[in-house]
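K.L.:
One file is attached below, my_file-v5.txt, containing compact mmCIF, C-alpha atoms and all ligand atoms.
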```
# COMPACT_ATOMS: atom_id res chain seq x y z
CA MET F 235 44.65 -134.62 27.51
CA ASP F 236 43.15 -133.23 30.62
CA TYR F 237 45.87 -130.68 30.66
CA LEU F 238 45.08 -129.69 27.13
CA VAL F 239 41.41 -129.17 27.93
CA VAL F 240 42.21 -127.07 30.97
CA ALA F 241 44.67 -125.01 28.91
CA LEU F 242 42.10 -124.39 26.20
CA ILE F 243 39.52 -123.35 28.77
CA LEU F 244 42.00 -120.98 30.39
CA LEU F 245 42.89 -119.55 27.00
CA GLY F 246 39.23 -119.06 26.19
CA VAL F 247 38.63 -117.31 29.52
CA LEU F 248 41.63 -115.08 28.89
CA VAL F 249 40.47 -114.13 25.40
CA LEU F 250 36.95 -113.40 26.56
CA GLY F 251 38.29 -111.42 29.53
CA THR F 252 40.45 -109.30 27.26
CA ILE F 253 37.53 -108.66 24.90
CA GLY F 254 35.34 -107.79 27.83
CA LEU F 255 37.84 -105.19 28.96
CA MET F 256 38.38 -103.69 25.47
CA VAL F 257 34.75 -103.28 24.31
CA PRO F 258 33.53 -100.80 26.96
CA ARG F 259 36.62 -98.67 26.34
CA LEU F 260 36.07 -98.62 22.60
CA ARG F 261 32.41 -97.78 23.08
CA ARG F 262 33.16 -94.93 25.46
CA ARG F 263 35.80 -93.19 23.29
CA PRO F 264 33.80 -91.99 20.21
CA ALA F 265 30.76 -90.96 22.20
CA PRO F 266 30.19 -87.19 22.05
CA PRO F 267 30.20 -85.40 25.31
CA GLU F 268 26.81 -85.52 26.91
CA PRO F 269 25.22 -82.09 27.43
CA ALA F 270 24.99 -81.26 31.05
CA GLN F 271 21.46 -81.86 32.02
CA THR F 272 20.50 -79.94 35.05
CA ARG F 273 16.72 -79.96 34.71
CA PRO F 274 14.81 -82.95 35.87
CA PRO F 275 13.37 -84.93 33.04
CA VAL F 276 10.07 -83.45 31.89
CA VAL F 277 7.17 -85.79 31.80
CA VAL F 278 5.16 -85.00 28.72
CA GLU F 279 1.59 -85.88 29.06
CA GLU F 280 -0.08 -87.01 25.94
CA PRO F 281 -2.94 -84.61 24.99
CA PRO F 282 -6.34 -86.19 24.86
CA PRO F 283 -7.29 -87.10 21.38
CA THR F 284 -9.21 -84.22 19.76
CA GLU F 285 -11.84 -84.40 17.12
CA VAL F 286 -10.42 -83.28 13.88
CA ALA F 287 -12.83 -81.05 11.94
CA PRO F 288 -13.50 -82.02 8.37
CA PRO F 289 -11.39 -79.94 6.02
CA THR F 290 -13.11 -76.74 4.86
CA ASP F 291 -12.34 -74.47 1.98
CA VAL F 292 -10.24 -71.75 3.45
CA VAL F 293 -10.39 -68.52 1.48
CA VAL F 294 -7.11 -66.86 1.83
CA PRO F 295 -7.48 -63.12 1.18
CA PRO F 296 -5.13 -61.88 -1.43
CA VAL F 297 -2.18 -60.32 0.18
CA GLU F 298 -1.74 -56.78 -0.88
CA ILE F 299 1.84 -56.01 -1.23
CA GLU F 300 2.42 -52.43 -0.38
CA PRO F 301 4.59 -50.63 -2.86
CA GLU F 302 7.84 -49.71 -1.42
CA VAL F 303 7.57 -46.30 0.15
CA GLU F 304 10.16 -43.97 -1.08
CA VAL F 305 11.56 -42.09 1.83
CA ALA F 306 12.40 -38.59 0.76
CA PRO F 307 15.66 -37.26 2.00
CA PRO F 308 15.15 -34.99 5.00
CA THR F 309 14.42 -31.42 3.91
CA GLU F 310 14.73 -28.20 5.84
CA VAL F 311 11.43 -27.11 7.36
CA GLU F 312 10.41 -23.86 5.75
CA VAL F 313 8.95 -21.37 8.18
CA PRO F 314 6.34 -19.38 6.26
CA ALA F 315 7.42 -15.80 5.83
CA PRO F 316 5.14 -13.31 7.60
CA VAL F 317 2.56 -11.98 5.21
CA LEU F 318 3.37 -8.36 4.61
CA GLU F 319 0.64 -5.93 3.81
CA THR F 320 0.69 -3.80 0.72
CA PRO F 321 -0.25 -0.28 1.74
CA GLU F 322 -2.37 1.78 -0.57
CA PRO F 323 -0.51 4.25 -2.75
CA THR F 324 -0.77 7.79 -1.42
CA ALA F 325 -1.90 9.39 -4.65
CA GLY F 326 -5.61 10.10 -4.51
CA ARG F 327 -5.99 9.10 -0.89
CA LEU F 328 -7.75 12.30 0.10
CA ILE F 329 -10.27 11.65 -2.64
CA ARG F 330 -10.81 8.13 -1.33
CA LEU F 331 -11.23 9.45 2.20
CA ARG F 332 -13.40 12.32 1.00
CA THR F 333 -16.63 10.53 1.91
CA ARG F 334 -15.42 10.18 5.45
CA LEU F 335 -14.50 13.82 5.62
CA SER F 336 -17.79 14.93 4.05
CA ARG F 337 -19.68 12.81 6.55
CA SER F 338 -18.02 14.39 9.57
CA GLN F 339 -18.31 17.87 8.11
CA ASN F 340 -21.84 17.41 6.86
CA VAL F 341 -23.49 19.85 9.27
CA PHE F 342 -20.90 22.53 8.64
CA GLY F 343 -21.00 22.27 4.86
CA LYS F 344 -24.75 21.96 4.54
CA GLY F 345 -25.35 24.82 6.99
CA LEU F 346 -23.10 27.15 5.03
CA LEU F 347 -24.61 26.25 1.69
CA SER F 348 -28.16 26.72 2.90
CA LEU F 349 -27.23 30.16 4.19
CA LEU F 350 -25.78 31.08 0.83
CA SER F 351 -28.98 29.90 -0.85
CA ARG F 352 -31.11 32.47 0.93
CA ASP F 353 -32.90 34.95 -1.31
CA ARG F 354 -31.38 37.94 0.41
CA LEU F 355 -27.90 38.06 1.86
CA ASP F 356 -28.57 40.62 4.56
CA GLU F 357 -26.56 41.42 7.67
CA ASP F 358 -28.17 38.58 9.62
CA VAL F 359 -27.21 36.02 7.02
CA TRP F 360 -23.60 37.23 7.01
CA GLU F 361 -23.56 36.97 10.78
CA GLU F 362 -24.87 33.44 10.61
CA ILE F 363 -22.18 32.56 8.11
CA GLU F 364 -19.62 33.98 10.52
CA ASP F 365 -21.05 31.95 13.39
CA SER F 366 -20.91 28.76 11.33
CA LEU F 367 -17.24 29.29 10.55
CA ILE F 368 -16.39 30.07 14.17
CA THR F 369 -18.30 26.99 15.36
CA ALA F 370 -16.28 24.93 12.90
CA ASP F 371 -13.10 26.12 14.65
CA VAL F 372 -11.89 28.29 11.79
CA GLY F 373 -10.94 30.88 14.42
CA ILE F 374 -12.21 34.42 14.89
CA ASP F 375 -9.57 36.31 12.93
CA ALA F 376 -9.64 33.97 9.96
CA THR F 377 -13.45 33.95 9.96
CA ARG F 378 -13.64 37.74 9.83
CA GLU F 379 -11.19 37.85 6.98
CA ILE F 380 -13.00 35.17 5.02
CA VAL F 381 -16.44 36.76 5.47
CA ASP F 382 -15.20 40.28 4.69
CA ARG F 383 -13.59 39.13 1.46
CA LEU F 384 -16.64 37.12 0.51
CA ARG F 385 -18.96 40.07 1.07
CA GLU F 386 -16.73 42.34 -0.93
CA ARG F 387 -16.45 39.97 -3.88
CA THR F 388 -20.18 39.26 -3.86
CA ARG F 389 -20.87 42.97 -3.96
CA VAL F 390 -18.35 43.73 -6.69
CA LEU F 391 -19.27 40.77 -8.86
CA GLY F 392 -22.98 41.06 -8.18
CA THR F 393 -23.00 37.33 -7.54
CA ARG F 394 -26.36 35.96 -6.60
CA THR F 395 -26.88 32.31 -7.44
CA ALA F 396 -26.12 29.67 -4.80
CA THR F 397 -23.68 27.92 -7.13
CA GLU F 398 -21.71 31.12 -7.71
CA LEU F 399 -21.70 31.91 -4.02
CA ARG F 400 -20.57 28.41 -3.17
CA ALA F 401 -17.68 28.76 -5.63
CA LEU F 402 -16.69 32.08 -4.08
CA LEU F 403 -16.82 30.66 -0.56
CA ALA F 404 -14.75 27.64 -1.61
CA ALA F 405 -12.19 29.95 -3.20
CA GLU F 406 -11.97 31.99 0.02
CA LEU F 407 -11.51 28.90 2.17
CA VAL F 408 -8.80 27.59 -0.14
CA ASN F 409 -7.18 30.99 -0.05
CA ALA F 410 -7.24 30.92 3.76
CA LEU F 411 -5.40 27.61 3.59
CA ASP F 412 -2.67 29.17 1.46
CA PRO F 413 -2.33 26.71 -1.42
CA THR F 414 1.13 28.07 -2.21
CA LEU F 415 2.67 26.51 0.92
CA ASP F 416 5.14 23.68 0.41
CA ARG F 417 3.45 20.58 1.83
CA SER F 418 5.90 18.01 0.57
CA LEU F 419 7.52 15.71 3.12
CA ARG F 420 11.30 15.68 3.07
CA THR F 421 11.79 11.94 3.23
CA ALA F 422 14.40 11.34 0.53
CA PRO F 423 17.93 10.39 1.63
CA ARG F 424 20.63 12.99 1.39
CA GLU F 425 24.21 12.23 0.39
CA GLY F 426 23.69 8.56 1.10
CA ALA F 427 22.31 9.14 4.58
CA PRO F 428 18.66 8.52 5.42
CA ALA F 429 16.28 11.42 5.88
CA VAL F 430 15.36 11.80 9.55
CA LEU F 431 11.82 12.65 10.67
CA LEU F 432 10.98 13.52 14.25
CA VAL F 433 7.35 13.08 15.26
CA VAL F 434 6.30 15.23 18.23
CA GLY F 435 3.07 16.25 19.93
CA VAL F 436 1.01 16.04 23.07
CA ASN F 437 0.13 12.79 24.66
CA GLY F 438 -2.62 10.88 22.87
CA ALA F 439 -2.65 13.09 19.78
CA GLY F 440 -1.81 10.10 17.63
CA LYS F 441 1.98 10.27 17.26
CA THR F 442 2.65 6.54 17.32
CA THR F 443 -0.25 5.86 14.99
CA THR F 444 0.99 8.60 12.67
CA CYS F 445 4.53 7.14 12.65
CA GLY F 446 3.06 3.80 11.64
CA LYS F 447 0.87 5.35 8.98
CA VAL F 448 3.68 7.50 7.58
CA ALA F 449 5.92 4.42 7.41
CA ARG F 450 3.22 2.73 5.36
CA VAL F 451 2.84 5.79 3.13
CA LEU F 452 6.58 5.76 2.47
CA ILE F 453 6.72 2.02 1.87
CA ALA F 454 3.74 2.31 -0.47
CA ASP F 455 5.79 4.81 -2.42
CA GLY F 456 8.73 2.41 -2.63
CA ARG F 457 10.87 3.74 0.22
CA SER F 458 12.69 1.78 2.93
CA VAL F 459 12.17 2.79 6.55
CA VAL F 460 13.54 2.31 10.07
CA LEU F 461 11.39 3.32 13.02
CA GLY F 462 12.83 4.59 16.29
CA ALA F 463 10.72 4.03 19.42
CA ALA F 464 11.93 7.00 21.42
CA ASP F 465 8.63 7.23 23.32
CA THR F 466 10.17 5.34 26.21
CA PHE F 467 7.76 6.95 28.66
CA ARG F 468 4.89 4.68 27.67
CA ALA F 469 6.11 1.09 27.40
CA ALA F 470 3.23 0.05 25.14
CA ALA F 471 4.18 2.71 22.59
CA ALA F 472 7.20 0.68 21.45
CA ASP F 473 5.08 -2.47 21.09
CA GLN F 474 2.49 -0.46 19.17
CA LEU F 475 5.19 0.85 16.84
CA ALA F 476 6.66 -2.65 16.41
CA THR F 477 3.23 -3.93 15.35
CA TRP F 478 2.90 -1.20 12.74
CA ALA F 479 6.40 -1.96 11.48
CA SER F 480 5.95 -5.71 11.29
CA ARG F 481 2.93 -5.29 9.06
CA VAL F 482 5.03 -3.71 6.36
CA GLY F 483 8.38 -5.32 7.10
CA ALA F 484 10.12 -2.27 8.53
CA GLU F 485 12.64 -2.51 11.37
CA VAL F 486 12.12 -0.92 14.78
CA VAL F 487 14.90 0.23 17.08
CA ARG F 488 13.83 0.26 20.70
CA GLY F 489 15.56 0.55 24.01
CA PRO F 490 14.87 -0.91 27.43
CA GLU F 491 11.92 0.47 29.36
CA ALA F 492 12.47 4.04 30.55
CA ALA F 493 15.64 4.26 28.45
CA ASP F 494 16.98 7.66 27.46
CA PRO F 495 14.86 8.70 24.43
CA ALA F 496 17.82 10.53 22.93
CA SER F 497 19.95 7.39 22.96
CA VAL F 498 17.19 5.34 21.30
CA ALA F 499 16.77 8.04 18.65
CA PHE F 500 20.55 8.09 18.09
CA ASP F 501 20.67 4.28 17.73
CA ALA F 502 17.72 4.35 15.31
CA VAL F 503 19.46 6.79 13.00
CA ARG F 504 22.71 4.81 13.20
CA ARG F 505 20.81 1.64 12.32
CA GLY F 506 19.18 3.44 9.41
CA ILE F 507 22.60 4.52 8.16
CA ASP F 508 24.00 0.98 8.54
CA LEU F 509 21.06 -0.54 6.67
CA GLY F 510 21.15 2.17 4.04
CA VAL F 511 17.44 2.92 4.30
CA ASP F 512 15.79 6.02 2.84
CA THR F 513 14.06 7.32 5.95
CA VAL F 514 14.25 7.06 9.73
CA LEU F 515 11.08 7.97 11.62
CA ILE F 516 11.37 8.74 15.32
CA ASP F 517 8.38 8.55 17.64
CA THR F 518 8.76 10.68 20.77
CA ALA F 519 6.94 10.93 24.10
CA GLY F 520 4.33 13.61 24.68
CA ARG F 521 3.66 13.26 28.38
CA LEU F 522 5.75 16.19 29.42
CA GLN F 523 4.64 18.26 32.31
CA ASN F 524 6.00 21.64 31.41
CA LYS F 525 7.85 23.58 28.80
CA ILE F 526 11.21 23.15 30.50
CA GLY F 527 10.84 19.37 30.66
CA LEU F 528 9.75 19.35 27.04
CA MET F 529 12.63 21.54 26.02
CA ASP F 530 15.10 19.35 27.88
CA GLU F 531 13.88 16.13 26.37
CA LEU F 532 13.03 17.08 22.81
CA GLY F 533 15.99 19.43 22.62
CA LYS F 534 18.29 16.61 23.65
CA VAL F 535 16.74 14.13 21.21
CA LYS F 536 17.25 16.60 18.39
CA ARG F 537 20.81 17.50 19.42
CA VAL F 538 21.86 13.88 19.75
CA VAL F 539 20.25 12.85 16.46
CA GLU F 540 21.99 15.76 14.74
CA LYS F 541 25.35 14.21 15.56
CA HIS F 542 24.56 11.99 12.57
CA GLY F 543 23.27 14.87 10.45
CA PRO F 544 20.41 17.37 10.33
CA VAL F 545 16.82 16.45 11.12
CA ASP F 546 14.97 16.78 7.82
CA GLU F 547 11.44 17.12 9.08
CA THR F 548 9.82 17.66 12.48
CA LEU F 549 6.15 16.78 12.32
CA LEU F 550 3.80 18.09 14.98
CA VAL F 551 0.84 15.78 15.50
CA LEU F 552 -2.33 17.56 16.55
CA ASP F 553 -5.67 16.05 17.54
CA ALA F 554 -8.36 17.95 15.60
CA THR F 555 -10.98 17.13 18.23
CA THR F 556 -9.17 19.20 20.87
CA GLY F 557 -9.91 22.35 18.89
CA GLN F 558 -8.56 25.70 19.99
CA ASN F 559 -7.27 24.32 23.34
CA GLY F 560 -5.10 21.83 21.56
CA LEU F 561 -3.69 24.67 19.54
CA GLU F 562 -2.37 26.41 22.64
CA GLN F 563 -0.57 23.25 23.74
CA ALA F 564 0.78 22.75 20.26
CA ARG F 565 2.28 26.20 20.23
CA VAL F 566 4.67 25.18 23.02
CA PHE F 567 6.15 22.53 20.74
CA THR F 568 6.80 25.05 18.03
CA GLU F 569 8.75 27.12 20.52
CA VAL F 570 10.86 24.15 21.58
CA VAL F 571 11.61 22.49 18.24
CA ASP F 572 11.64 23.76 14.73
CA VAL F 573 8.37 22.23 13.50
CA THR F 574 8.25 21.90 9.72
CA GLY F 575 4.81 20.39 9.23
CA VAL F 576 1.58 19.58 11.02
CA VAL F 577 -0.28 16.29 10.96
CA LEU F 578 -3.90 16.89 11.90
CA THR F 579 -5.39 13.64 13.20
CA LYS F 580 -8.94 12.52 13.99
CA LEU F 581 -10.59 14.80 11.46
CA ASP F 582 -13.07 11.97 10.97
CA GLY F 583 -14.19 12.43 14.56
CA THR F 584 -15.04 16.12 14.54
CA ALA F 585 -17.41 18.38 12.68
CA LYS F 586 -14.91 21.17 13.20
CA GLY F 587 -12.79 20.78 10.11
CA GLY F 588 -12.14 24.51 10.13
CA ILE F 589 -9.37 23.80 12.63
CA VAL F 590 -7.07 23.22 9.67
CA ILE F 591 -7.28 26.91 8.82
CA ALA F 592 -6.78 27.96 12.46
CA VAL F 593 -3.76 25.67 12.87
CA GLN F 594 -1.97 27.08 9.88
CA ARG F 595 -2.76 30.65 10.81
CA LYS F 596 -1.83 30.38 14.46
CA LEU F 597 1.25 28.26 14.06
CA GLY F 598 2.34 29.54 10.68
CA ILE F 599 3.20 25.96 9.70
CA PRO F 600 1.64 24.03 6.78
CA VAL F 601 -0.65 21.11 7.47
CA LYS F 602 1.01 18.34 5.49
CA LEU F 603 -1.02 15.30 6.40
CA VAL F 604 -4.48 14.59 7.75
CA GLY F 605 -5.66 11.57 9.72
CA LEU F 606 -9.14 10.41 8.81
CA GLY F 607 -9.57 7.23 10.80
CA GLU F 608 -7.91 4.52 12.81
CA GLY F 609 -7.36 2.28 9.79
CA PRO F 610 -3.76 1.76 8.65
CA ASP F 611 -4.20 3.70 5.42
CA ASP F 612 -6.42 6.45 6.81
CA LEU F 613 -3.80 9.14 6.46
CA ALA F 614 -3.70 11.39 3.44
CA PRO F 615 -1.46 14.14 2.11
CA PHE F 616 -3.28 17.40 2.67
CA GLU F 617 -4.49 19.21 -0.42
CA PRO F 618 -6.48 22.46 0.15
CA THR F 619 -8.84 22.31 -2.86
CA GLN F 620 -9.89 18.70 -2.30
CA PHE F 621 -10.19 19.36 1.40
CA VAL F 622 -12.49 22.36 0.97
CA ASP F 623 -14.66 20.49 -1.50
CA ALA F 624 -15.09 17.67 0.99
CA LEU F 625 -15.69 20.21 3.76
CA LEU F 626 -18.53 21.82 1.83
CA GLY F 627 -19.84 18.40 0.84
CA THR F 628 -20.16 19.26 -2.82
CA GLU F 629 -18.65 18.01 -6.01
CA PRO F 630 -15.23 19.46 -6.66
CA LEU F 631 -15.18 22.34 -9.10
CA GLY F 632 -12.32 22.48 -11.51
CA SER F 633 -10.21 20.04 -9.47
CA ASP F 634 -8.63 16.97 -10.93
CA ALA F 635 -10.78 14.72 -8.76
N1 LIG F 701 -10.53 8.30 14.63
C1 LIG F 701 -9.21 8.46 14.57
N2 LIG F 701 -8.43 7.99 15.56
C2 LIG F 701 -7.09 8.17 15.49
C3 LIG F 701 -6.49 8.85 14.40
N3 LIG F 701 -5.14 8.89 14.61
C4 LIG F 701 -4.92 8.26 15.79
N4 LIG F 701 -6.08 7.83 16.33
C5 LIG F 701 -6.28 7.11 17.59
O1 LIG F 701 -5.84 7.91 18.69
C6 LIG F 701 -5.41 7.09 19.75
C7 LIG F 701 -4.08 7.59 20.29
O2 LIG F 701 -3.11 7.38 19.32
P1 LIG F 701 -1.56 7.15 19.67
O3 LIG F 701 -0.86 7.02 18.37
O4 LIG F 701 -1.35 6.06 20.65
O5 LIG F 701 -1.20 8.51 20.37
P2 LIG F 701 0.23 9.04 20.91
O6 LIG F 701 0.30 10.48 20.61
O7 LIG F 701 1.33 8.19 20.39
O8 LIG F 701 0.05 8.81 22.48
P3 LIG F 701 1.23 8.76 23.60
O9 LIG F 701 2.17 7.68 23.19
O10 LIG F 701 0.47 8.40 24.84
O11 LIG F 701 1.85 10.08 23.68
C8 LIG F 701 -5.38 5.69 19.21
O12 LIG F 701 -6.51 5.01 19.65
C9 LIG F 701 -5.44 5.87 17.71
O13 LIG F 701 -6.04 4.79 17.04
C10 LIG F 701 -7.36 9.35 13.34
O14 LIG F 701 -6.96 9.99 12.37
N5 LIG F 701 -8.70 9.12 13.49
```
I need this file expressed as structure tokens, please.
Ligand SMILES: Nc1nc2c(ncn2[C@@H]2O[C@H](COP(=O)(O)OP(=O)(O)OP(=O)(O)O)[C@@H](O)[C@H]2O)c(=O)[nH]1
P.N.:
Amino acid sequence: MDYLVVALILLGVLVLGTIGLMVPRLRRRPAPPEPAQTRPPVVVEEPPPTEVAPPTDVVVPPVEIEPEVEVAPPTEVEVPAPVLETPEPTAGRLIRLRTRLSRSQNVFGKGLLSLLSRDRLDEDVWEEIEDSLITADVGIDATREIVDRLRERTRVLGTRTATELRALLAAELVNALDPTLDRSLRTAPREGAPAVLLVVGVNGAGKTTTCGKVARVLIADGRSVVLGAADTFRAAAADQLATWASRVGAEVVRGPEAADPASVAFDAVRRGIDLGVDTVLIDTAGRLQNKIGLMDELGKVKRVVEKHGPVDETLLVLDATTGQNGLEQARVFTEVVDVTGVVLTKLDGTAKGGIVIAVQRKLGIPVKLVGLGEGPDDLAPFEPTQFVDALLGTEPLGSDA
């Protein structure tokens, strides 16, 4: 019996031992792998108890939901085109500028008319009339002719009233300006090639300004233009020309500083041909020391340009304020190049409008354009009748003004 009890105890110990061995193993197997804890355990301190505020009515502002912004597809940024000026049409410009001309010629005109209003036209009065004309730069020869004719007609016609005398004087002045001369500018293209205009004259006479103004005149009349900056002597001249051109959307051909003027002129004409424009205007330098230098330079410009075709017009720019002295200088140009027309500038700045008559007589070349101010449109086609009327400061008689 004792053996049986001992055996049962042993069996019980064995069973319990086996269970004891199995349980830890079973427990360990399904346990998920513990994350590796490297930090030391954090001790969380309990916050001190806070007083809880009694609940209040919280006004929640309405949430504005922004409408979805439509993002436009990227567009190309448009650079605003430069605002081009619209030059005034040339028709009637002299009439518009008449006030300016009358103002500058006020003394001359008024003086003449008051002489003609005298009761008796004796020798002294005729002498005074002569002096007035000479002072106004009409020139001695032209003055004598004008006064002689006027005296003769007054005598023959028995003219006495101031109005009649004024009309006779105006007629003589117009006659001295030879209204039959062709004053048109040859600016129309020929056989598909642009007309070429050379602009020459002494330094400071207003060549660059005139080129700019003529370009505007042409553009106003519906023509297309290329400008050639062949005044390479004065660097600012090309910039000046470029400014004029940009205002009306014309192109300028310019060379590097001190470039050969002839090569710039040649390139300008070629560009004009390539673009198919109507007219190419070439600004030249005037600062030439002597006739030989002038001949060399202008002669070369002309020769080189003529490789493309003939020069249609050579405009001589003359400063009216330089009077008879300017005329002498101008004559040199006419000996060097074949001048086809005169542009008389700065007539607004002199009381000596009679220079127009002297210029035509001495040079034998028609005045085609007159400059009456620094403004862009202060250039007008020359018209003898309107000019004389403005010169005498009276209302035009029998003109279409
Ligand atoms: N009052 C007045 N000024 C004018 C007129 N024409 C030109 N001028 C002025 O005369 C000055 C000389 O003009 P430019 O065109 O530079 O003369 P330029 O002959 O080209 O001179 P260079 O290039 O030095 O040979 C400028 O200040 C013009 O504004 C005009 O009809 N009236």
K.L.:
May I ask you to write as number ranges by chain all residues lying at most 10 Å from ligand LIG 701 (chain F), with all atoms listed in the file counted?
P.N.:
F: 433-447, 464-472, 474-475, 517-522, 551-555, 577-584, 603-614
K.L.:
Can you pull out the residues contacting Val570 (chain F)? Cut-off 6 Å, using only C-alpha atoms, and skip same-chain residues under 2 positions away; I want them as a count of residues only.
P.N.:
3
K.L.:
What's the separation between CA of Val573 (chain F) and CA of Leu461 (chain F), in Å to one decimal place?
P.N.:
19.2 Å
K.L.:
Looking at F:Ala463, F:Leu515, F:Ala404, F:Ala410, which one is nearest to Ala493 (chain F), with distances taken over all atoms listed in the file?
P.N.:
F:Ala463
K.L.:
Gly483 (chain F): which residues within 9 Å, counting only C-alpha atoms, same-chain residues fewer than 2 positions away excluded, as a PyMOL selection string?
P.N.:
chain F and resi 316+318-319+459+478-481+485
K.L.:
Do you know which residues lie at most 9 Å from (-17.3, 33.4, 7.1), with coordinates as in the file and only C-alpha atoms counted, and could you write them as a ChimeraX atom specification?
P.N.:
/F:346,360-368,372,376-384,403,406-407
K.L.:
Please produce a file of those selected residues containing C-alpha atoms, as a JSON list (two decimals), in the coordinates of the input.
P.N.:
```
[["chain", "number", "residue", "atom", "x", "y", "z"],
["F", 346, "LEU", "CA", -23.10, 27.15, 5.03],
["F", 360, "TRP", "CA", -23.60, 37.23, 7.01],
["F", 361, "GLU", "CA", -23.56, 36.97, 10.78],
["F", 362, "GLU", "CA", -24.87, 33.44, 10.61],
["F", 363, "ILE", "CA", -22.18, 32.56, 8.11],
["F", 364, "GLU", "CA", -19.62, 33.98, 10.52],
["F", 365, "ASP", "CA", -21.05, 31.95, 13.39],
["F", 366, "SER", "CA", -20.91, 28.76, 11.33],
["F", 367, "LEU", "CA", -17.24, 29.29, 10.55],
["F", 368, "ILE", "CA", -16.39, 30.07, 14.17],
["F", 372, "VAL", "CA", -11.89, 28.29, 11.79],
["F", 376, "ALA", "CA", -9.64, 33.97, 9.96],
["F", 377, "THR", "CA", -13.45, 33.95, 9.96],
["F", 378, "ARG", "CA", -13.64, 37.74, 9.83],
["F", 379, "GLU", "CA", -11.19, 37.85, 6.98],
["F", 380, "ILE", "CA", -13.00, 35.17, 5.02],
["F", 381, "VAL", "CA", -16.44, 36.76, 5.47],
["F", 382, "ASP", "CA", -15.20, 40.28, 4.69],
["F", 383, "ARG", "CA", -13.59, 39.13, 1.46],
["F", 384, "LEU", "CA", -16.64, 37.12, 0.51],
["F", 403, "LEU", "CA", -16.82, 30.66, -0.56],
["F", 406, "GLU", "CA", -11.97, 31.99, 0.02],
["F", 407, "LEU", "CA", -11.51, 28.90, 2.17]]
```
K.L.:
If I take CA of Ile329 (chain F) and CA of Ser348 (chain F), how far is one from the other in Å, to one decimal?
P.N.:
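Value for the CA of Ile329 (chain F)-CA of Ser348 (chain F) distance: 24.0 Å.
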K.L.:
One number please: CA of Pro618 (chain F) to CA of Val430 (chain F), in Å, one decimal.
P.N.:
26.1 Å
K.L.:
Excluding Asn340 (chain F) and any residue of its chain fewer than 2 positions from it, enumerate the residues within 8 Å of it, using all atoms listed in the file, and give them as a list in words.
P.N.:
Ser336, Arg337, Ser338, Phe342, Gly343, Lys344, Ala585, Leu625, Leu626 and Gly627 of chain F
K.L.:
Quick one: everything within 7 Å of Ala454 (chain F), counting only C-alpha atoms, minus sequence neighbours fewer than 2 positions away in the same chain. Send it as a JSON list (two decimals) with C-alpha atoms, in the frame of the given file.
P.N.:
```json
[["chain", "number", "residue", "atom", "x", "y", "z"],
["F", 320, "THR", "CA", 0.69, -3.80, 0.72],
["F", 321, "PRO", "CA", -0.25, -0.28, 1.74],
["F", 322, "GLU", "CA", -2.37, 1.78, -0.57],
["F", 323, "PRO", "CA", -0.51, 4.25, -2.75],
["F", 450, "ARG", "CA", 3.22, 2.73, 5.36],
["F", 451, "VAL", "CA", 2.84, 5.79, 3.13],
["F", 452, "LEU", "CA", 6.58, 5.76, 2.47],
["F", 456, "GLY", "CA", 8.73, 2.41, -2.63]]
```
K.L.:
Choose the residue, out of F:Val566, F:Ala502, F:Val486, F:Ala496, that has the smallest atom-to-atom separation from Leu528 (chain F); count only C-alpha atoms.
P.N.:
F:Val566
K.L.:
Nearest to Glu569 (chain F) among F:Lys536, F:Arg420, F:Lys525, F:Lys541, with distances taken over all atoms listed in the file: which residue is it?
P.N.:
F:Lys525
K.L.:
Nearest to Asp371 (chain F): which of F:Ser351, F:Thr513, F:Gln339, F:Gln620 is it, counting all atoms listed in the file?
P.N.:
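Nearest candidate to Asp371 (chain F) out of F:Ser351, F:Thr513, F:Gln339, F:Gln620: F:Gln339.
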K.L.:
Would you please work out which residue, of F:Gly326, F:Gly373, F:Asp530, F:His542, is nearest to Pro615 (chain F) when using only C-alpha atoms?
P.N.:
F:Gly326
K.L.:
Would you kindly place N, CA and C atoms on region 515-521 of chain F and return the model as a PDB file, in the coordinates of the input?
P.N.:
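Output file result-v4.pdb is given in full below:
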```pdb
ATOM      1  N   LEU F 515      12.196   7.269  10.956  1.00  0.00           N
ATOM      2  CA  LEU F 515      11.080   7.970  11.620  1.00  0.00           C
ATOM      3  C   LEU F 515      11.205   7.779  13.124  1.00  0.00           C
ATOM      4  N   ILE F 516      11.191   8.874  13.865  1.00  0.00           N
ATOM      5  CA  ILE F 516      11.370   8.740  15.320  1.00  0.00           C
ATOM      6  C   ILE F 516      10.128   9.203  16.073  1.00  0.00           C
ATOM      7  N   ASP F 517       9.562   8.264  16.812  1.00  0.00           N
ATOM      8  CA  ASP F 517       8.380   8.550  17.640  1.00  0.00           C
ATOM      9  C   ASP F 517       8.883   9.055  19.002  1.00  0.00           C
ATOM     10  N   THR F 518       8.302  10.146  19.479  1.00  0.00           N
ATOM     11  CA  THR F 518       8.760  10.680  20.770  1.00  0.00           C
ATOM     12  C   THR F 518       7.612  10.668  21.788  1.00  0.00           C
ATOM     13  N   ALA F 519       7.968  10.923  23.042  1.00  0.00           N
ATOM     14  CA  ALA F 519       6.940  10.930  24.100  1.00  0.00           C
ATOM     15  C   ALA F 519       6.280  12.300  24.180  1.00  0.00           C
ATOM     16  N   GLY F 520       5.022  12.329  24.608  1.00  0.00           N
ATOM     17  CA  GLY F 520       4.330  13.610  24.680  1.00  0.00           C
ATOM     18  C   GLY F 520       3.940  13.992  26.094  1.00  0.00           C
ATOM     19  N   ARG F 521       4.133  13.022  27.024  1.00  0.00           N
ATOM     20  CA  ARG F 521       3.660  13.260  28.380  1.00  0.00           C
ATOM     21  C   ARG F 521       4.648  14.113  29.156  1.00  0.00           C
TER      22      ARG F 521
END
```
